[in-house]
>>> print(open('entry-v7.cif').read())   # mmCIF, C-alpha atoms
data_work
loop_
_atom_site.label_atom_id
_atom_site.label_comp_id
_atom_site.auth_asym_id
_atom_site.auth_seq_id
_atom_site.Cartn_x
_atom_site.Cartn_y
_atom_site.Cartn_z
CA MET A 1 147.82 97.71 -29.42
CA GLU A 2 145.02 97.48 -31.98
CA THR A 3 143.99 100.55 -33.97
CA LYS A 4 140.47 100.50 -32.50
CA GLN A 5 141.84 100.52 -28.94
CA ILE A 6 144.26 103.34 -29.80
CA GLU A 7 141.39 105.46 -31.12
CA LEU A 8 139.25 104.75 -28.04
CA ILE A 9 142.01 105.90 -25.69
CA GLY A 10 142.22 109.24 -27.47
CA ASP A 11 138.48 109.77 -27.78
CA ASN A 12 137.83 108.80 -24.15
CA HIS A 13 140.58 111.11 -22.89
CA GLU A 14 142.21 108.23 -21.00
CA HIS A 15 145.49 108.63 -19.18
CA PHE A 16 147.55 106.20 -17.18
CA SER A 17 149.95 108.02 -14.84
CA ILE A 18 150.31 111.16 -12.75
CA GLU A 19 153.93 111.47 -13.82
CA THR A 20 154.69 112.33 -17.42
CA PRO A 21 155.68 109.00 -19.05
CA LEU A 22 159.36 109.39 -19.91
CA LYS A 23 161.93 106.81 -20.98
CA GLU A 24 164.96 106.26 -18.74
CA ASN A 25 167.27 107.47 -21.51
CA ALA A 26 165.13 110.50 -22.36
CA PHE A 27 168.00 112.95 -21.92
CA ASN A 28 170.95 110.95 -23.22
CA LYS A 29 170.93 112.94 -26.45
CA SER A 30 171.72 116.62 -26.67
CA ASN A 31 169.03 119.05 -27.81
CA PHE A 32 170.96 119.53 -31.05
CA GLU A 33 170.86 115.77 -31.73
CA LYS A 34 167.15 115.62 -30.96
CA ILE A 35 166.41 118.52 -33.29
CA LYS A 36 168.29 116.87 -36.17
CA THR A 37 166.49 113.54 -35.66
CA ILE A 38 163.02 115.12 -35.38
CA GLU A 39 163.75 117.29 -38.41
CA ASN A 40 164.51 114.21 -40.50
CA HIS A 41 161.40 112.37 -39.33
CA PHE A 42 159.12 115.36 -39.79
CA ARG A 43 160.47 115.86 -43.29
CA ILE A 44 159.33 112.28 -44.01
CA ILE A 45 155.85 113.10 -42.70
CA LEU A 46 155.60 116.18 -44.94
CA ASP A 47 156.82 114.16 -47.90
CA GLU A 48 154.29 111.38 -47.22
CA LEU A 49 151.54 114.01 -47.20
CA GLY A 50 152.58 114.85 -50.74
CA LEU A 51 154.01 118.30 -50.05
CA ASP A 52 156.75 119.70 -52.28
CA LEU A 53 159.67 120.27 -49.92
CA ASN A 54 161.55 122.19 -52.60
CA ASP A 55 159.02 125.00 -52.29
CA ASP A 56 160.58 128.03 -50.61
CA SER A 57 157.82 128.15 -47.98
CA LEU A 58 158.32 124.51 -46.93
CA LYS A 59 162.11 124.14 -47.14
CA GLY A 60 162.69 125.04 -43.50
CA THR A 61 159.45 123.74 -42.01
CA ALA A 62 160.82 120.44 -40.70
CA TYR A 63 163.70 122.23 -38.94
CA ARG A 64 161.43 124.92 -37.49
CA VAL A 65 159.01 122.32 -36.13
CA ALA A 66 161.85 120.27 -34.62
CA LYS A 67 163.41 123.30 -32.92
CA MET A 68 160.01 124.40 -31.64
CA TYR A 69 159.31 120.95 -30.18
CA VAL A 70 162.63 120.65 -28.35
CA ASN A 71 163.30 124.22 -27.24
CA GLU A 72 159.82 125.63 -26.77
CA ILE A 73 156.52 123.78 -26.51
CA PHE A 74 158.03 120.58 -25.05
CA GLY A 75 160.83 122.23 -23.09
CA GLY A 76 159.08 121.27 -19.84
CA LEU A 77 160.06 117.65 -20.37
CA ASP A 78 163.64 118.55 -19.45
CA PRO A 79 164.07 118.84 -15.65
CA ARG A 80 166.90 121.30 -16.23
CA ASN A 81 164.23 123.81 -17.27
CA LYS A 82 162.36 123.53 -13.99
CA PRO A 83 162.01 127.02 -12.49
CA LYS A 84 164.05 127.82 -9.40
CA ILE A 85 161.63 128.79 -6.66
CA SER A 86 162.47 131.25 -3.90
CA LEU A 87 160.27 131.49 -0.83
CA PHE A 88 159.95 134.44 1.51
CA GLU A 89 158.85 134.75 5.11
CA ASN A 90 155.25 135.79 5.52
CA LYS A 91 156.25 138.92 7.45
CA TYR A 92 152.81 140.46 7.01
CA ASN A 93 151.28 137.47 8.83
CA TYR A 94 148.72 137.32 6.04
CA ASN A 95 146.74 134.17 6.82
CA LYS A 96 143.90 134.44 4.31
CA MET A 97 143.56 133.14 0.80
CA LEU A 98 145.86 134.44 -1.93
CA ILE A 99 144.60 133.95 -5.49
CA GLU A 100 146.48 134.29 -8.75
CA LYS A 101 143.86 134.03 -11.48
CA ASN A 102 143.85 134.02 -15.28
CA ILE A 103 147.32 132.55 -15.70
CA ASN A 104 147.77 131.92 -19.42
CA LEU A 105 148.00 128.21 -20.18
CA ASN A 106 149.18 126.65 -23.43
CA THR A 107 149.86 122.95 -23.55
CA THR A 108 149.58 120.07 -26.02
CA CYS A 109 147.16 117.13 -26.00
CA GLU A 110 149.27 113.99 -25.87
CA HIS A 111 146.64 112.00 -27.77
CA HIS A 112 146.49 114.12 -30.93
CA PHE A 113 149.34 116.64 -30.45
CA LEU A 114 146.95 119.56 -30.81
CA PRO A 115 146.93 122.63 -28.53
CA ILE A 116 145.04 122.98 -25.26
CA ILE A 117 144.55 126.67 -24.51
CA GLY A 118 143.04 128.25 -21.43
CA LYS A 119 143.57 129.72 -17.98
CA ALA A 120 144.85 128.40 -14.69
CA HIS A 121 143.70 129.79 -11.34
CA ILE A 122 145.70 129.14 -8.17
CA ALA A 123 144.92 129.82 -4.52
CA TYR A 124 146.89 129.05 -1.38
CA ILE A 125 146.92 129.89 2.30
CA SER A 126 150.40 130.50 3.67
CA SER A 127 151.95 128.14 6.21
CA GLY A 128 154.52 130.81 7.04
CA LYS A 129 156.13 131.13 3.62
CA VAL A 130 155.04 132.99 0.49
CA ILE A 131 156.08 132.57 -3.12
CA GLY A 132 156.77 135.28 -5.70
CA LEU A 133 153.67 135.71 -7.81
CA SER A 134 155.48 135.23 -11.13
CA LYS A 135 156.74 131.86 -9.88
CA LEU A 136 153.17 130.58 -9.95
CA ASN A 137 153.05 131.43 -13.67
CA ARG A 138 156.41 129.73 -14.21
CA ILE A 139 155.27 126.53 -12.51
CA VAL A 140 152.17 126.45 -14.72
CA LYS A 141 154.32 127.02 -17.80
CA TYR A 142 156.87 124.34 -16.87
CA TYR A 143 154.27 121.58 -16.51
CA SER A 144 152.36 122.86 -19.55
CA ASP A 145 155.41 122.69 -21.83
CA ARG A 146 155.05 118.96 -22.46
CA PRO A 147 152.48 116.58 -23.96
CA GLN A 148 149.65 116.51 -21.45
CA VAL A 149 146.14 115.57 -20.46
CA GLN A 150 144.38 118.24 -18.43
CA GLU A 151 143.75 116.03 -15.41
CA ARG A 152 147.45 115.20 -15.08
CA LEU A 153 148.50 118.81 -15.62
CA THR A 154 146.18 119.98 -12.84
CA THR A 155 147.55 117.34 -10.48
CA GLN A 156 151.20 118.06 -11.31
CA ILE A 157 150.80 121.78 -10.65
CA TYR A 158 148.99 121.04 -7.38
CA ASN A 159 151.61 118.52 -6.21
CA GLU A 160 154.44 120.94 -7.00
CA LEU A 161 152.78 123.74 -5.05
CA ILE A 162 152.03 121.72 -1.91
CA THR A 163 155.66 120.58 -1.93
CA VAL A 164 157.16 124.01 -2.51
CA LEU A 165 154.84 125.86 -0.12
CA ASP A 166 154.90 123.09 2.50
CA THR A 167 151.14 123.21 2.90
CA GLU A 168 148.14 121.32 1.61
CA ASN A 169 146.09 124.52 1.64
CA VAL A 170 146.29 124.82 -2.14
CA MET A 171 143.67 124.85 -4.87
CA VAL A 172 144.28 124.67 -8.62
CA VAL A 173 141.60 125.13 -11.28
CA ILE A 174 142.13 124.91 -15.04
CA ASP A 175 139.57 126.00 -17.63
CA ALA A 176 140.71 125.18 -21.16
CA LYS A 177 139.65 124.53 -24.73
CA HIS A 178 140.97 121.41 -26.46
CA LEU A 179 141.63 121.76 -30.18
CA CYS A 180 141.28 117.98 -30.49
CA VAL A 181 137.60 118.69 -29.74
CA THR A 182 137.19 122.02 -31.54
CA SER A 183 139.13 121.33 -34.75
CA ARG A 184 138.64 117.59 -35.32
CA GLY A 185 136.13 114.89 -34.44
CA ILE A 186 132.97 116.56 -33.17
CA LYS A 187 134.35 120.05 -34.00
CA ASP A 188 132.53 121.77 -31.15
CA ASP A 189 134.19 125.10 -30.32
CA SER A 190 131.53 126.14 -27.78
CA CYS A 191 132.75 123.99 -24.88
CA SER A 192 135.65 124.09 -22.44
CA THR A 193 136.97 121.62 -19.87
CA ILE A 194 137.33 122.49 -16.18
CA THR A 195 139.45 120.49 -13.74
CA GLU A 196 140.25 121.17 -10.11
CA MET A 197 142.55 119.81 -7.41
CA TYR A 198 142.58 120.93 -3.79
CA GLY A 199 143.54 119.92 -0.28
CA GLY A 200 143.79 121.12 3.31
CA ASP A 201 141.38 123.92 4.16
CA PHE A 202 139.96 123.76 0.64
CA ASN A 203 138.41 120.39 1.45
CA VAL A 204 135.77 122.46 3.25
CA TYR A 205 133.02 123.48 0.85
CA ASN A 206 132.75 127.02 2.26
CA LYS A 207 136.43 127.68 1.52
CA ARG A 208 136.10 126.43 -2.06
CA ASN A 209 132.94 128.50 -2.43
CA GLU A 210 134.84 131.57 -1.21
CA PHE A 211 137.53 130.88 -3.81
CA TYR A 212 135.02 130.64 -6.66
CA LYS A 213 133.18 133.76 -5.51
CA LEU A 214 136.40 135.76 -5.53
CA LEU A 215 137.40 134.22 -8.85
CA ASN A 216 134.15 135.28 -10.48
CA SER A 217 133.68 138.57 -8.66
CA GLY A 218 134.93 140.74 -11.50
CA ILE A 219 137.54 142.38 -9.26
CA LYS A 220 140.22 143.91 -11.48
#
>>> encode(input="entry-v7.cif", output="structure tokens")
Amino acid sequence: METKQIELIGDNHEHFSIETPLKENAFNKSNFEKIKTIENHFRIILDELGLDLNDDSLKGTAYRVAKMYVNEIFGGLDPRNKPKISLFENKYNYNKMLIEKNINLNTTCEHHFLPIIGKAHIAYISSGKVIGLSKLNRIVKYYSDRPQVQERLTTQIYNELITVLDTENVMVVIDAKHLCVTSRGIKDDSCSTITEMYGGDFNVYNKRNEFYKLLNSGIK
């Protein structure tokens, strides 16, 4: 792929698949092996930038970055880290909208490997089962802990929820700042990006409008 085309893909925020693009052998190596390999490669990057790796402050940087990549900010690539979801019977027969708003979201732009930081808002109408509230946060975190584009992240969270809850009455909204916009290129820190995905009852405008009214109502 030519350099010009590579740059256009990043600047145009293009993406090519709903599923995170993973190699078939993505998990053949242990986390320890991955950390050692990334550490070596990142040390080369630091060296190429002209940094003195004998400096006390930089000696452990390559290892810290490698461990952070594998165990933390990209831990959602490993399906073994997928949260176990328990459902409960809707004994209250609550058949209205349930909203979990302002879920902290931290992910990484797969085009420039810079942070995307914002909030996720989730609503669903029970089909007879309910999910523990913290599990909504864990689902957001799992799909955020990988290189992402916001459109794919929104879709992945939505698809997981309609599968787990066995209903299409789900709505997911993400409002986030992209550091690839705020700290490079145009360097505009005044904007944010909003994406939404919904189905079932939320296909009706009035139901989406109700969601947004409740979301912005200032209820604490």
>>> residues_around(input="entry-v7.cif", residues="A:Ser144", least_positions_apart="2", cutoff="9 Å", atoms="all atoms listed in the file", output="list of chain:residue names")
A:Ile73, A:Phe74, A:Gly76, A:Leu105, A:Asn106, A:Thr107, A:Thr108, A:Ile139, A:Val140, A:Lys141, A:Tyr142, A:Arg146, A:Pro147, A:Gln148, A:Leu153
>>> closest_atom_pairs(input="entry-v7.cif", of="stretch 16-108 of chain A", to="stretch 123-134 of chain A", cutoff="12 Å", atoms="only C-alpha atoms", output="Markdown table")
| residue | atom | partner | partner_atom | distance |
| --- | --- | --- | --- | --- |
| A:Pro83 | CA | A:Ser134 | CA | 10.6 |
| A:Lys84 | CA | A:Gly132 | CA | 11.1 |
| A:Ile85 | CA | A:Ile131 | CA | 7.6 |
| A:Ser86 | CA | A:Ile131 | CA | 6.6 |
| A:Leu87 | CA | A:Ile131 | CA | 4.9 |
| A:Phe88 | CA | A:Val130 | CA | 5.2 |
| A:Glu89 | CA | A:Lys129 | CA | 4.8 |
| A:Asn90 | CA | A:Lys129 | CA | 5.1 |
| A:Lys91 | CA | A:Gly128 | CA | 8.3 |
| A:Tyr92 | CA | A:Gly128 | CA | 9.8 |
| A:Asn93 | CA | A:Gly128 | CA | 7.6 |
| A:Tyr94 | CA | A:Ser126 | CA | 7.4 |
| A:Asn95 | CA | A:Ser126 | CA | 6.1 |
| A:Lys96 | CA | A:Ile125 | CA | 5.8 |
| A:Met97 | CA | A:Ile125 | CA | 4.9 |
| A:Leu98 | CA | A:Ala123 | CA | 5.4 |
| A:Ile99 | CA | A:Ala123 | CA | 4.3 |
| A:Glu100 | CA | A:Ala123 | CA | 6.3 |
| A:Lys101 | CA | A:Ala123 | CA | 8.2 |
| A:Asn102 | CA | A:Ala123 | CA | 11.6 |
| A:Ile103 | CA | A:Ser134 | CA | 9.7 |
| A:Asn104 | CA | A:Ser134 | CA | 11.8 |
>>> axis_aligned_box(input="entry-v7.cif", around="stretch 40-48 of chain A", padding_each_side="8 Å", output="lines of an AutoDock Vina configuration file")
center_x = 159.4
center_y = 113.8
center_z = -43.6
size_x = 26.2
size_y = 20.8
size_z = 24.6
>>> atom_distance(input="entry-v7.cif", atom1="atom CA of A:Ile38", atom2="atom CA of A:Asn54")
18.7 Å
>>> atom_distance(input="entry-v7.cif", atom1="atom CA of A:Ser217", atom2="atom CA of A:Gly118")
18.9 Å
>>> atom_distance(input="entry-v7.cif", atom1="atom CA of A:Glu210", atom2="atom CA of A:Asn159")
21.8 Å
>>> resolve_selection(input="entry-v7.cif", expression="the PyMOL selection byres ((chain A and resi 57-72) around 9)", output="MDAnalysis selection string")
chainID A and resid 31:32 34:44 46 51:56 73:77 145
>>> resolve_selection(input="entry-v7.cif", expression="the PyMOL selection byres ((chain A and resi 21) around 12)", output="PyMOL selection string")
chain A and resi 15-20+22-26+77+110+146-149+152
>>> closest_residue(input="entry-v7.cif", among="A:Asn28, A:Asn81, A:Thr195, A:Gln156", to="A:Lys119", atoms="all atoms listed in the file")
A:Thr195
>>> residues_around(input="entry-v7.cif", residues="A:Gly199", least_positions_apart="2", cutoff="6 Å", atoms="all atoms listed in the file", output="PyMOL selection string")
chain A and resi 168-170+202-203
>>> residues_around(input="entry-v7.cif", residues="A:Ser190", least_positions_apart="5", cutoff="10 Å", atoms="all atoms listed in the file", output="list in words")
Lys177, Val181 and Thr182 of chain A
>>> closest_residue(input="entry-v7.cif", among="A:Ile122, A:Met197, A:Cys191, A:Val164", to="A:Phe211", atoms="only C-alpha atoms")
A:Ile122
>>> closest_residue(input="entry-v7.cif", among="A:Lys207, A:Arg184, A:Lys29, A:Lys213", to="A:Leu114", atoms="only C-alpha atoms")
A:Arg184
>>> closest_residue(input="entry-v7.cif", among="A:Thr155, A:Tyr143, A:Thr167, A:Ala176", to="A:Ile116", atoms="only C-alpha atoms")
A:Ala176
>>> build_atoms(input="entry-v7.cif", residues="stretch 21-49 of chain A", atoms="N, CA and C atoms", output="PDB file, keeping the file's coordinate frame")
ATOM      1  N   PRO A  21     154.976 110.248 -18.703  1.00  0.00           N
ATOM      2  CA  PRO A  21     155.680 109.000 -19.050  1.00  0.00           C
ATOM      3  C   PRO A  21     156.924 109.270 -19.885  1.00  0.00           C
ATOM      4  N   LEU A  22     158.079 109.144 -19.252  1.00  0.00           N
ATOM      5  CA  LEU A  22     159.360 109.390 -19.910  1.00  0.00           C
ATOM      6  C   LEU A  22     160.215 108.123 -19.886  1.00  0.00           C
ATOM      7  N   LYS A  23     160.974 107.920 -20.943  1.00  0.00           N
ATOM      8  CA  LYS A  23     161.930 106.810 -20.980  1.00  0.00           C
ATOM      9  C   LYS A  23     163.117 107.121 -20.065  1.00  0.00           C
ATOM     10  N   GLU A  24     163.800 106.074 -19.616  1.00  0.00           N
ATOM     11  CA  GLU A  24     164.960 106.260 -18.740  1.00  0.00           C
ATOM     12  C   GLU A  24     166.085 107.007 -19.443  1.00  0.00           C
ATOM     13  N   ASN A  25     166.185 106.826 -20.753  1.00  0.00           N
ATOM     14  CA  ASN A  25     167.270 107.470 -21.510  1.00  0.00           C
ATOM     15  C   ASN A  25     166.800 108.741 -22.213  1.00  0.00           C
ATOM     16  N   ALA A  26     165.760 109.367 -21.684  1.00  0.00           N
ATOM     17  CA  ALA A  26     165.130 110.500 -22.360  1.00  0.00           C
ATOM     18  C   ALA A  26     166.087 111.660 -22.611  1.00  0.00           C
ATOM     19  N   PHE A  27     167.123 111.782 -21.802  1.00  0.00           N
ATOM     20  CA  PHE A  27     168.000 112.950 -21.920  1.00  0.00           C
ATOM     21  C   PHE A  27     169.450 112.558 -22.226  1.00  0.00           C
ATOM     22  N   ASN A  28     169.607 111.369 -22.813  1.00  0.00           N
ATOM     23  CA  ASN A  28     170.950 110.950 -23.220  1.00  0.00           C
ATOM     24  C   ASN A  28     171.461 111.749 -24.408  1.00  0.00           C
ATOM     25  N   LYS A  29     170.551 112.157 -25.275  1.00  0.00           N
ATOM     26  CA  LYS A  29     170.930 112.940 -26.450  1.00  0.00           C
ATOM     27  C   LYS A  29     170.909 114.428 -26.117  1.00  0.00           C
ATOM     28  N   SER A  30     171.750 115.173 -26.816  1.00  0.00           N
ATOM     29  CA  SER A  30     171.720 116.620 -26.670  1.00  0.00           C
ATOM     30  C   SER A  30     170.509 117.177 -27.409  1.00  0.00           C
ATOM     31  N   ASN A  31     170.140 118.412 -27.102  1.00  0.00           N
ATOM     32  CA  ASN A  31     169.030 119.050 -27.810  1.00  0.00           C
ATOM     33  C   ASN A  31     169.327 119.168 -29.296  1.00  0.00           C
ATOM     34  N   PHE A  32     170.572 119.429 -29.637  1.00  0.00           N
ATOM     35  CA  PHE A  32     170.960 119.530 -31.050  1.00  0.00           C
ATOM     36  C   PHE A  32     170.703 118.204 -31.769  1.00  0.00           C
ATOM     37  N   GLU A  33     171.081 117.088 -31.123  1.00  0.00           N
ATOM     38  CA  GLU A  33     170.860 115.770 -31.730  1.00  0.00           C
ATOM     39  C   GLU A  33     169.366 115.484 -31.888  1.00  0.00           C
ATOM     40  N   LYS A  34     168.596 115.845 -30.885  1.00  0.00           N
ATOM     41  CA  LYS A  34     167.150 115.620 -30.960  1.00  0.00           C
ATOM     42  C   LYS A  34     166.532 116.421 -32.098  1.00  0.00           C
ATOM     43  N   ILE A  35     166.948 117.669 -32.229  1.00  0.00           N
ATOM     44  CA  ILE A  35     166.410 118.520 -33.290  1.00  0.00           C
ATOM     45  C   ILE A  35     166.707 117.931 -34.660  1.00  0.00           C
ATOM     46  N   LYS A  36     167.923 117.449 -34.868  1.00  0.00           N
ATOM     47  CA  LYS A  36     168.290 116.870 -36.170  1.00  0.00           C
ATOM     48  C   LYS A  36     167.454 115.625 -36.462  1.00  0.00           C
ATOM     49  N   THR A  37     167.258 114.768 -35.458  1.00  0.00           N
ATOM     50  CA  THR A  37     166.490 113.540 -35.660  1.00  0.00           C
ATOM     51  C   THR A  37     165.019 113.856 -35.962  1.00  0.00           C
ATOM     52  N   ILE A  38     164.424 114.744 -35.164  1.00  0.00           N
ATOM     53  CA  ILE A  38     163.020 115.120 -35.380  1.00  0.00           C
ATOM     54  C   ILE A  38     162.861 115.788 -36.732  1.00  0.00           C
ATOM     55  N   GLU A  39     163.812 116.631 -37.103  1.00  0.00           N
ATOM     56  CA  GLU A  39     163.750 117.290 -38.410  1.00  0.00           C
ATOM     57  C   GLU A  39     163.678 116.263 -39.534  1.00  0.00           C
ATOM     58  N   ASN A  40     164.514 115.238 -39.456  1.00  0.00           N
ATOM     59  CA  ASN A  40     164.510 114.210 -40.500  1.00  0.00           C
ATOM     60  C   ASN A  40     163.186 113.465 -40.543  1.00  0.00           C
ATOM     61  N   HIS A  41     162.668 113.107 -39.380  1.00  0.00           N
ATOM     62  CA  HIS A  41     161.400 112.370 -39.330  1.00  0.00           C
ATOM     63  C   HIS A  41     160.230 113.230 -39.784  1.00  0.00           C
ATOM     64  N   PHE A  42     160.236 114.503 -39.402  1.00  0.00           N
ATOM     65  CA  PHE A  42     159.120 115.360 -39.790  1.00  0.00           C
ATOM     66  C   PHE A  42     159.156 115.649 -41.286  1.00  0.00           C
ATOM     67  N   ARG A  43     160.360 115.685 -41.849  1.00  0.00           N
ATOM     68  CA  ARG A  43     160.470 115.860 -43.290  1.00  0.00           C
ATOM     69  C   ARG A  43     159.818 114.669 -44.010  1.00  0.00           C
ATOM     70  N   ILE A  44     159.973 113.468 -43.431  1.00  0.00           N
ATOM     71  CA  ILE A  44     159.330 112.280 -44.010  1.00  0.00           C
ATOM     72  C   ILE A  44     157.822 112.411 -43.948  1.00  0.00           C
ATOM     73  N   ILE A  45     157.298 112.919 -42.836  1.00  0.00           N
ATOM     74  CA  ILE A  45     155.850 113.100 -42.700  1.00  0.00           C
ATOM     75  C   ILE A  45     155.337 114.064 -43.767  1.00  0.00           C
ATOM     76  N   LEU A  46     156.020 115.194 -43.933  1.00  0.00           N
ATOM     77  CA  LEU A  46     155.600 116.180 -44.940  1.00  0.00           C
ATOM     78  C   LEU A  46     155.639 115.576 -46.329  1.00  0.00           C
ATOM     79  N   ASP A  47     156.680 114.786 -46.586  1.00  0.00           N
ATOM     80  CA  ASP A  47     156.820 114.160 -47.900  1.00  0.00           C
ATOM     81  C   ASP A  47     155.700 113.148 -48.142  1.00  0.00           C
ATOM     82  N   GLU A  48     155.351 112.370 -47.096  1.00  0.00           N
ATOM     83  CA  GLU A  48     154.290 111.380 -47.220  1.00  0.00           C
ATOM     84  C   GLU A  48     152.929 112.044 -47.459  1.00  0.00           C
ATOM     85  N   LEU A  49     152.772 113.264 -46.956  1.00  0.00           N
ATOM     86  CA  LEU A  49     151.540 114.010 -47.200  1.00  0.00           C
ATOM     87  C   LEU A  49     151.461 114.556 -48.615  1.00  0.00           C
TER      88      LEU A  49
END
